[in-house]
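Colleague: Contents are PDB, C-alpha atoms, pLDDT in the B column; file name upload_8.pdb:
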ATOM      1  CA  MET A1151     119.238  79.791  97.881  1.00 44.00           C
ATOM      2  CA  ASN A1152     116.689  77.267  96.658  1.00 44.00           C
ATOM      3  CA  GLU A1153     115.823  77.474  92.942  1.00 42.00           C
ATOM      4  CA  ASN A1154     112.114  77.681  93.748  1.00 46.00           C
ATOM      5  CA  LEU A1155     112.686  80.695  96.006  1.00 50.00           C
ATOM      6  CA  ARG A1156     114.408  83.176  93.731  1.00 56.00           C
ATOM      7  CA  GLU A1157     115.309  86.472  95.312  1.00 62.00           C
ATOM      8  CA  PRO A1158     112.741  89.097  94.306  1.00 66.00           C
ATOM      9  CA  ALA A1159     113.923  92.566  93.321  1.00 69.00           C
ATOM     10  CA  TYR A1160     112.259  94.184  96.332  1.00 76.00           C
ATOM     11  CA  LEU A1161     114.025  91.956  98.841  1.00 84.00           C
ATOM     12  CA  LYS A1162     117.313  93.866  98.995  1.00 86.00           C
ATOM     13  CA  ARG A1163     115.734  97.191  99.965  1.00 87.00           C
ATOM     14  CA  THR A1164     113.478  95.505 102.497  1.00 90.00           C
ATOM     15  CA  ILE A1165     116.441  93.764 104.139  1.00 90.00           C
ATOM     16  CA  GLU A1166     118.417  97.017 104.262  1.00 89.00           C
ATOM     17  CA  ALA A1167     115.505  98.780 105.963  1.00 89.00           C
ATOM     18  CA  ILE A1168     115.076  95.964 108.501  1.00 90.00           C
ATOM     19  CA  GLN A1169     118.771  96.046 109.330  1.00 89.00           C
ATOM     20  CA  LYS A1170     118.695  99.801 109.902  1.00 88.00           C
ATOM     21  CA  LEU A1171     115.659  99.479 112.160  1.00 88.00           C
ATOM     22  CA  THR A1172     117.011  96.595 114.230  1.00 85.00           C
ATOM     23  CA  LEU A1173     120.723  97.427 114.351  1.00 80.00           C
ATOM     24  CA  ASN A1174     120.136 100.984 115.507  1.00 72.00           C
ATOM     25  CA  LYS A1175     117.827  99.604 118.214  1.00 70.00           C
ATOM     26  CA  MET A1176     115.025 101.787 116.883  1.00 68.00           C
ATOM     27  CA  THR A1177     112.536  98.947 117.305  1.00 75.00           C
ATOM     28  CA  ASN A1178     112.236  95.177 117.526  1.00 82.00           C
ATOM     29  CA  VAL A1179     108.846  95.193 115.816  1.00 88.00           C
ATOM     30  CA  ILE A1180     108.900  95.684 112.044  1.00 92.00           C
ATOM     31  CA  THR A1181     105.913  97.074 110.147  1.00 92.00           C
ATOM     32  CA  VAL A1182     105.520  98.625 106.725  1.00 92.00           C
ATOM     33  CA  LYS A1183     104.845 101.923 108.489  1.00 92.00           C
ATOM     34  CA  ASN A1184     108.220 101.772 110.283  1.00 90.00           C
ATOM     35  CA  ILE A1185     109.941 101.197 106.943  1.00 91.00           C
ATOM     36  CA  ARG A1186     107.935 104.017 105.339  1.00 92.00           C
ATOM     37  CA  GLN A1187     108.977 106.425 108.071  1.00 91.00           C
ATOM     38  CA  LEU A1188     112.614 105.337 107.791  1.00 89.00           C
ATOM     39  CA  ARG A1189     112.630 105.793 104.006  1.00 90.00           C
ATOM     40  CA  ASN A1190     110.461 108.962 104.014  1.00 92.00           C
ATOM     41  CA  ILE A1191     107.780 107.386 101.821  1.00 91.00           C
ATOM     42  CA  LYS A1192     104.392 109.091 101.714  1.00 92.00           C
ATOM     43  CA  GLY A1193     101.253 107.117 102.511  1.00 89.00           C
ATOM     44  CA  SER A1194      99.912 107.911  99.054  1.00 93.00           C
ATOM     45  CA  ASN A1195     102.768 105.975  97.400  1.00 91.00           C
ATOM     46  CA  ARG A1196     100.906 102.656  97.267  1.00 92.00           C
ATOM     47  CA  SER A1197     103.411 100.940  94.999  1.00 90.00           C
ATOM     48  CA  ALA A1198     106.202 101.403  97.564  1.00 89.00           C
ATOM     49  CA  ILE A1199     103.941 100.223 100.376  1.00 90.00           C
ATOM     50  CA  VAL A1200     103.034  97.062  98.465  1.00 91.00           C
ATOM     51  CA  PHE A1201     106.714  96.652  97.547  1.00 89.00           C
ATOM     52  CA  TYR A1202     107.812  96.518 101.201  1.00 92.00           C
ATOM     53  CA  GLY A1203     104.796  94.462 102.243  1.00 91.00           C
ATOM     54  CA  LEU A1204     105.764  91.774  99.734  1.00 90.00           C
ATOM     55  CA  GLY A1205     109.342  91.840 101.006  1.00 91.00           C
ATOM     56  CA  LEU A1206     108.229  91.293 104.594  1.00 93.00           C
ATOM     57  CA  GLY A1207     105.959  88.435 103.522  1.00 91.00           C
ATOM     58  CA  PHE A1208     108.751  86.780 101.559  1.00 90.00           C
ATOM     59  CA  LEU A1209     111.147  87.032 104.517  1.00 92.00           C
ATOM     60  CA  GLU A1210     108.513  85.443 106.714  1.00 92.00           C
ATOM     61  CA  LYS A1211     108.270  82.477 104.318  1.00 92.00           C
ATOM     62  CA  LEU A1212     112.064  82.110 104.457  1.00 90.00           C
ATOM     63  CA  GLY A1213     111.928  81.924 108.248  1.00 92.00           C
ATOM     64  CA  VAL A1214     113.724  85.207 108.898  1.00 91.00           C
ATOM     65  CA  LEU A1215     110.689  87.006 110.326  1.00 93.00           C
ATOM     66  CA  ARG A1216     107.764  85.873 112.447  1.00 94.00           C
ATOM     67  CA  ILE A1217     104.324  87.493 112.425  1.00 94.00           C
ATOM     68  CA  ILE A1218     103.366  88.854 115.825  1.00 92.00           C
ATOM     69  CA  ASN A1219     100.006  90.339 114.829  1.00 85.00           C
ATOM     70  CA  HIS A1220      97.964  88.863 111.967  1.00 81.00           C
ATOM     71  CA  GLY A1221      95.585  91.819 111.919  1.00 83.00           C
ATOM     72  CA  SER A1222      96.143  95.148 110.309  1.00 86.00           C
ATOM     73  CA  PRO A1223      98.888  96.291 110.365  1.00 88.00           C
ATOM     74  CA  LYS A1224     100.896  93.099 110.300  1.00 91.00           C
ATOM     75  CA  LYS A1225     103.744  93.233 112.786  1.00 93.00           C
ATOM     76  CA  TYR A1226     106.879  91.168 112.356  1.00 94.00           C
ATOM     77  CA  MET A1227     109.829  90.301 114.578  1.00 92.00           C
ATOM     78  CA  VAL A1228     113.266  89.174 113.385  1.00 90.00           C
ATOM     79  CA  ILE A1229     113.886  85.602 114.568  1.00 91.00           C
ATOM     80  CA  ASP A1230     116.976  84.659 112.535  1.00 85.00           C
ATOM     81  CA  LYS A1231     119.535  87.481 112.393  1.00 84.00           C
ATOM     82  CA  LYS A1232     122.206  85.201 110.889  1.00 86.00           C
ATOM     83  CA  LYS A1233     119.998  84.344 107.926  1.00 87.00           C
ATOM     84  CA  LEU A1234     119.122  88.032 107.484  1.00 85.00           C
ATOM     85  CA  LYS A1235     122.825  88.929 107.396  1.00 85.00           C
ATOM     86  CA  ILE A1236     123.535  86.182 104.836  1.00 86.00           C
ATOM     87  CA  LEU A1237     120.700  87.431 102.614  1.00 84.00           C
ATOM     88  CA  ALA A1238     121.989  91.000 102.904  1.00 83.00           C
ATOM     89  CA  GLU A1239     125.480  89.979 101.781  1.00 83.00           C
ATOM     90  CA  GLY A1240     124.342  87.746  98.946  1.00 71.00           C
TER      91      GLY A1240
END
As a first step, turn the structure in this file into C-alpha coordinates.
Modeller:
Amino acid sequence: MNENLREPAYLKRTIEAIQKLTLNKMTNVITVKNIRQLRNIKGSNRSAIVFYGLGLGFLEKLGVLRIINHGSPKKYMVIDKKKLKILAEG
(Lines of atoms letter the chains of each structure in order from A and count residues from 1; the text may use other names and numbers.)
(Lines give C-alpha, C1' and ligand atoms only; values in the text may rest on other atoms or scores of the structure.)
Protein backbone atom coordinates (compact mmCIF):
# COMPACT_ATOMS: atom_id res chain seq x y z
CA MET A 1 0.00 0.00 0.00
CA ASN A 2 1.19 3.52 -0.74
CA GLU A 3 2.88 5.33 2.17
CA ASN A 4 0.53 8.30 1.79
CA LEU A 5 -2.52 6.03 2.12
CA ARG A 6 -1.96 4.31 5.44
CA GLU A 7 -4.63 1.86 6.47
CA PRO A 8 -6.93 3.49 9.02
CA ALA A 9 -8.03 1.51 12.06
CA TYR A 10 -11.67 1.49 10.95
CA LEU A 11 -10.91 -0.02 7.56
CA LYS A 12 -10.71 -3.66 8.66
CA ARG A 13 -14.18 -3.74 10.21
CA THR A 14 -15.66 -1.91 7.24
CA ILE A 15 -14.14 -4.40 4.80
CA GLU A 16 -15.40 -7.35 6.85
CA ALA A 17 -18.93 -5.91 6.83
CA ILE A 18 -18.82 -5.29 3.07
CA GLN A 19 -17.65 -8.83 2.44
CA LYS A 20 -20.47 -10.28 4.54
CA LEU A 21 -23.03 -8.16 2.71
CA THR A 22 -21.77 -8.95 -0.79
CA LEU A 23 -20.65 -12.56 -0.39
CA ASN A 24 -23.93 -13.66 1.15
CA LYS A 25 -25.74 -11.94 -1.73
CA MET A 26 -27.66 -9.84 0.77
CA THR A 27 -27.23 -6.75 -1.40
CA ASN A 28 -25.06 -5.20 -4.09
CA VAL A 29 -25.62 -1.70 -2.74
CA ILE A 30 -23.65 -0.79 0.38
CA THR A 31 -24.81 1.93 2.78
CA VAL A 32 -23.94 2.75 6.36
CA LYS A 33 -27.46 1.63 7.28
CA ASN A 34 -26.86 -1.83 5.79
CA ILE A 35 -23.68 -2.15 7.84
CA ARG A 36 -25.48 -0.90 10.96
CA GLN A 37 -28.20 -3.50 10.53
CA LEU A 38 -25.63 -6.25 9.94
CA ARG A 39 -23.65 -5.29 13.05
CA ASN A 40 -26.72 -4.50 15.21
CA ILE A 41 -25.63 -0.91 15.83
CA LYS A 42 -28.25 1.51 17.12
CA GLY A 43 -28.91 4.75 15.27
CA SER A 44 -27.98 6.69 18.39
CA ASN A 45 -24.39 5.35 18.26
CA ARG A 46 -23.03 8.23 16.17
CA SER A 47 -19.38 7.31 16.64
CA ALA A 48 -19.92 3.90 15.00
CA ILE A 49 -21.90 5.48 12.17
CA VAL A 50 -19.12 7.98 11.48
CA PHE A 51 -16.59 5.15 11.81
CA TYR A 52 -18.18 3.13 8.99
CA GLY A 53 -18.88 6.22 6.90
CA LEU A 54 -15.18 7.08 6.94
CA GLY A 55 -14.32 3.51 5.97
CA LEU A 56 -16.64 3.61 2.96
CA GLY A 57 -15.20 6.96 1.88
CA PHE A 58 -11.64 5.67 2.17
CA LEU A 59 -12.46 2.57 0.10
CA GLU A 60 -13.98 4.81 -2.54
CA LYS A 61 -10.73 6.81 -2.75
CA LEU A 62 -8.80 3.54 -3.17
CA GLY A 63 -11.02 2.59 -6.10
CA VAL A 64 -12.71 -0.37 -4.42
CA LEU A 65 -16.15 1.24 -4.21
CA ARG A 66 -18.05 3.60 -6.48
CA ILE A 67 -20.69 6.07 -5.31
CA ILE A 68 -24.07 5.41 -6.90
CA ASN A 69 -26.00 8.15 -5.10
CA HIS A 70 -24.27 11.34 -3.93
CA GLY A 71 -27.27 12.40 -1.86
CA SER A 72 -28.21 11.20 1.56
CA PRO A 73 -27.70 8.35 2.23
CA LYS A 74 -24.66 7.74 0.09
CA LYS A 75 -24.91 4.42 -1.71
CA TYR A 76 -21.85 2.52 -2.84
CA MET A 77 -21.24 -0.45 -5.13
CA VAL A 78 -18.19 -2.73 -5.07
CA ILE A 79 -16.29 -2.36 -8.36
CA ASP A 80 -13.02 -4.14 -7.54
CA LYS A 81 -13.57 -7.37 -5.59
CA LYS A 82 -9.94 -8.46 -6.06
CA LYS A 83 -8.64 -5.32 -4.40
CA LEU A 84 -11.18 -5.73 -1.58
CA LYS A 85 -9.98 -9.30 -0.99
CA ILE A 86 -6.32 -8.17 -0.95
CA LEU A 87 -7.12 -5.44 1.59
CA ALA A 88 -9.01 -7.95 3.75
CA GLU A 89 -6.05 -10.33 3.83
CA GLY A 90 -3.43 -7.68 4.45
Colleague: When distances are computed from only C-alpha atoms, which of A:Leu1215, A:Leu1206, A:Ile1165, A:Leu1173 shows the smallest separation from Ile1236 in chain A?
Modeller: A:Ile1165
Colleague: Using all atoms listed in the file, which of A:Ser1194, A:Arg1186, A:Asp1230, A:Ile1168 sits nearest Gly1213 in chain A?
Modeller: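 Closest to Gly1213 in chain A of all the choices is A:Asp1230.
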Colleague: When the PyMOL selection byres ((chain A and resi 1178) around 12) is applied to the structure above, which residues does it catch, written out as a PyMOL selection string?
Modeller: chain A and resi 1168-1177+1179-1181+1184+1215-1216+1218+1225-1229+1231
Colleague: State, in Å with one decimal place, the distance from CA of Lys1192 in chain A to CA of Glu1210 in chain A.
Modeller: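 Separation of CA of Lys1192 in chain A and CA of Glu1210 in chain A: 24.5 Å.
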Colleague: Rank nothing, just name the residue among A:Lys1183, A:Lys1224, A:Lys1211, A:Lys1235 nearest to Asn1195 in chain A, using only C-alpha atoms.
Modeller: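 Going through A:Lys1183, A:Lys1224, A:Lys1211, A:Lys1235 one by one, the smallest distance to Asn1195 in chain A is for A:Lys1183.
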Colleague: Using the file's own x, y and z axes, so that the box edges lie along x, y and z, what centre and edge lengths in Å (one decimal) does a box around every listed atom of range 1230-1237 of chain A get when 4 Å is added on each side? Give it as lines of an AutoDock Vina configuration file.
Modeller:
center_x = 120.3
center_y = 86.6
center_z = 107.6
size_x = 14.6
size_y = 12.6
size_z = 17.9
